[in-house]
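Engineer: Handing you this structure, nothing more for now.
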Amino acid sequence: MNKLITLLLVVGLCVLESCDKEKEEIKTYSFKDQLMAGKIDGQVWIYQDGIAESTTVGIARTLSFSLFLNQPSGQGCNVTFPVSGSQVSFLLLDVLGLYIINKTSPYSLDGSTSLTMTTSSGEMLFAKRGAIEITNVSSTSVSGRIDAYADDNNYINGKFEVLICK
């Protein structure tokens, strides 16, 4: 009987601990009401332009986002890659909603969302925590907001709007 009571107490504590961790995860982002800005590789980063490239996987349409520090060559969907300077990239479904950043590699297959910050020298840094919220999707553009943090020298926060390129 004592073993059963001990087992129930341990299971109860584990459940309470997991609830506390879920609450902590929810509190890991706080969107600022500003144009997206922050630091990448310790340098000030202020959003200038970006695109979302549309692809279809099965029946789901995904958007691959590229957000730029520098104004790219070309206009709208005619951007010439590579774009100089640091940039931010991520891949999402084109569905309104909140996407929690909780992985540090774009190649995991666990359904989580990653955000990559690429320095002007090409080094790829992965956000360790935060969120991306898609607030509006039309046939030609998408807008949202991001709070993403890798470390004290690599983070972004604020709003963006980009064209959808097919």
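Naming scheme: A, B, ... for chains in displayed order of the structure tokens; residues 1 onward per chain; ligands 1 onward as shown.
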Pick out the residues sitting within 7 Å of Phe65 in chain A, and hand them over as a tab-separated table (two decimals) with N, CA and C atoms, in the first residue's frame; count only C-alpha atoms, and ignore anything fewer than 5 positions along from it in its own chain.
Structural biologist:
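Below you can see around-v4.tsv, which holds the result:
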```tsv
chain	number	residue	atom	x	y	z
A	51	ILE	N	10.56	38.74	-48.28
A	51	ILE	CA	9.61	38.02	-49.14
A	51	ILE	C	9.21	36.73	-48.46
A	52	ALA	N	8.10	36.18	-48.89
A	52	ALA	CA	7.67	34.84	-48.48
A	52	ALA	C	7.44	34.06	-49.77
A	53	GLU	N	8.20	33.00	-49.97
A	53	GLU	CA	8.05	32.17	-51.16
A	53	GLU	C	7.06	31.06	-50.87
A	89	SER	N	15.39	33.90	-41.45
A	89	SER	CA	14.58	33.02	-42.30
A	89	SER	C	13.85	31.98	-41.45
A	90	PHE	N	12.66	31.59	-41.93
A	90	PHE	CA	11.87	30.57	-41.26
A	90	PHE	C	10.83	30.05	-42.23
A	91	LEU	N	10.26	28.88	-41.93
A	91	LEU	CA	9.27	28.21	-42.78
A	91	LEU	C	8.05	27.90	-41.93
```
Engineer: Please list as a list in words every residue within 12 Å of Gln48 in chain A, counting only C-alpha atoms and excluding residues in the same chain fewer than 2 positions away.
Structural biologist: Leu35, Met36, Ala37, Trp45, Ile46, Gly50, Ile51, Ser66, Leu67, Phe68, Leu69, Asn70, Gln71, Pro72, Val83, Gly85, Ser86, Gln87, Val88, Lys159, Phe160, Glu161 and Val162 of chain A
Engineer: Store the residues picked out above, limited to C-alpha atoms, as a PDB file, in the first residue's frame.
Structural biologist:
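Produced file result_28.pdb, reproduced below:
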```pdb
ATOM      1  CA  LEU A  35       9.023  47.513 -36.721  1.00  0.00           C
ATOM      2  CA  MET A  36      11.104  44.360 -36.322  1.00  0.00           C
ATOM      3  CA  ALA A  37      14.559  45.151 -34.944  1.00  0.00           C
ATOM      4  CA  TRP A  45      19.508  44.830 -37.135  1.00  0.00           C
ATOM      5  CA  ILE A  46      16.461  46.749 -38.421  1.00  0.00           C
ATOM      6  CA  GLY A  50      11.524  40.626 -47.183  1.00  0.00           C
ATOM      7  CA  ILE A  51       9.614  38.020 -49.144  1.00  0.00           C
ATOM      8  CA  SER A  66      13.407  35.731 -45.852  1.00  0.00           C
ATOM      9  CA  LEU A  67      13.667  39.051 -43.977  1.00  0.00           C
ATOM     10  CA  PHE A  68      16.547  41.388 -44.827  1.00  0.00           C
ATOM     11  CA  LEU A  69      18.698  43.960 -43.034  1.00  0.00           C
ATOM     12  CA  ASN A  70      19.740  45.636 -46.285  1.00  0.00           C
ATOM     13  CA  GLN A  71      17.471  46.677 -49.135  1.00  0.00           C
ATOM     14  CA  PRO A  72      17.927  43.840 -51.666  1.00  0.00           C
ATOM     15  CA  VAL A  83      21.233  39.518 -50.416  1.00  0.00           C
ATOM     16  CA  GLY A  85      24.021  41.707 -44.913  1.00  0.00           C
ATOM     17  CA  SER A  86      22.420  39.615 -42.226  1.00  0.00           C
ATOM     18  CA  GLN A  87      18.950  38.112 -42.582  1.00  0.00           C
ATOM     19  CA  VAL A  88      16.287  36.083 -40.809  1.00  0.00           C
ATOM     20  CA  LYS A 159       6.257  43.414 -36.739  1.00  0.00           C
ATOM     21  CA  PHE A 160       6.809  42.630 -40.432  1.00  0.00           C
ATOM     22  CA  GLU A 161       4.855  42.495 -43.686  1.00  0.00           C
ATOM     23  CA  VAL A 162       6.101  40.792 -46.843  1.00  0.00           C
TER      24      VAL A 162
END
```
Engineer: Find the residues around Glu133 in chain A up to 8 Å (only C-alpha atoms counted), leave out those fewer than 4 positions away in its own chain, and share them as a list of chain:residue names.
Structural biologist: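 Listing them by chain and then by number gives A:Leu96, A:Gly97, A:Leu98, A:Tyr99, A:Gly144, A:Arg145, A:Ile146.
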Engineer: May I have the residues from that selection written out with C-alpha atoms, as a JSON list (two decimals), in the first residue's frame?
Structural biologist:
```json
[["chain", "number", "residue", "atom", "x", "y", "z"],
["A", 96, "LEU", "CA", -2.98, 32.44, -39.06],
["A", 97, "GLY", "CA", -1.72, 31.58, -35.62],
["A", 98, "LEU", "CA", 1.03, 31.44, -33.08],
["A", 99, "TYR", "CA", 4.09, 29.27, -33.72],
["A", 144, "GLY", "CA", 3.00, 39.03, -38.46],
["A", 145, "ARG", "CA", 5.26, 39.59, -35.53],
["A", 146, "ILE", "CA", 8.29, 37.85, -34.09]]
```
Engineer: Just checking: using only C-alpha atoms, which residue out of A:Ser64, A:Thr56, A:Ser143, A:Thr119 ends up closest to Gly42 in chain A?
Structural biologist: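 The shortest atom-to-atom distance to Gly42 in chain A comes from A:Thr119.
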Engineer: Which is closest to Tyr149 in chain A among A:Asn102, A:Ser120, A:Asn136, A:Ser54, if we use only C-alpha atoms?
Structural biologist: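 Ranked by minimum distance to Tyr149 in chain A, first place goes to A:Asn102.
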Engineer: My list of candidates is A:Ile59, A:Val95, A:Leu125, A:Ala131. Which is closest to Gly158 in chain A when distances are computed with only C-alpha atoms?
Structural biologist: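 Closest candidate: A:Ala131.
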Engineer: Return the single residue from A:Cys165, A:Val79, A:Ala150, A:Ile101 that is closest to Thr118 in chain A, with distances computed using only C-alpha atoms.
Structural biologist: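 Once distances to Thr118 in chain A are computed over only C-alpha atoms, the minimum belongs to A:Ala150.
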Engineer: Give me, please, the distance in Å between CA of Ser138 in chain A and CA of Gly38 in chain A, quoted to one decimal.
Structural biologist: 27.0 Å
Engineer: Can you tell me how far CA of Ser141 in chain A sits from CA of Asp94 in chain A, in Å to one decimal?
Structural biologist: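 We find that CA of Ser141 in chain A and CA of Asp94 in chain A lie 10.5 Å from each other.
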Engineer: Please compute the CA of Gln43 in chain A-CA of Gly130 in chain A distance, one decimal, in Å.
Structural biologist: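 The value is 19.8 Å.
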Engineer: Choose the residue, out of A:Val44, A:Leu93, A:Ala148, A:Ile164, that has the smallest atom-to-atom separation from Ile132 in chain A; count only C-alpha atoms.
Structural biologist: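 Checking each candidate against Ile132 in chain A, we get A:Ala148 as the closest.
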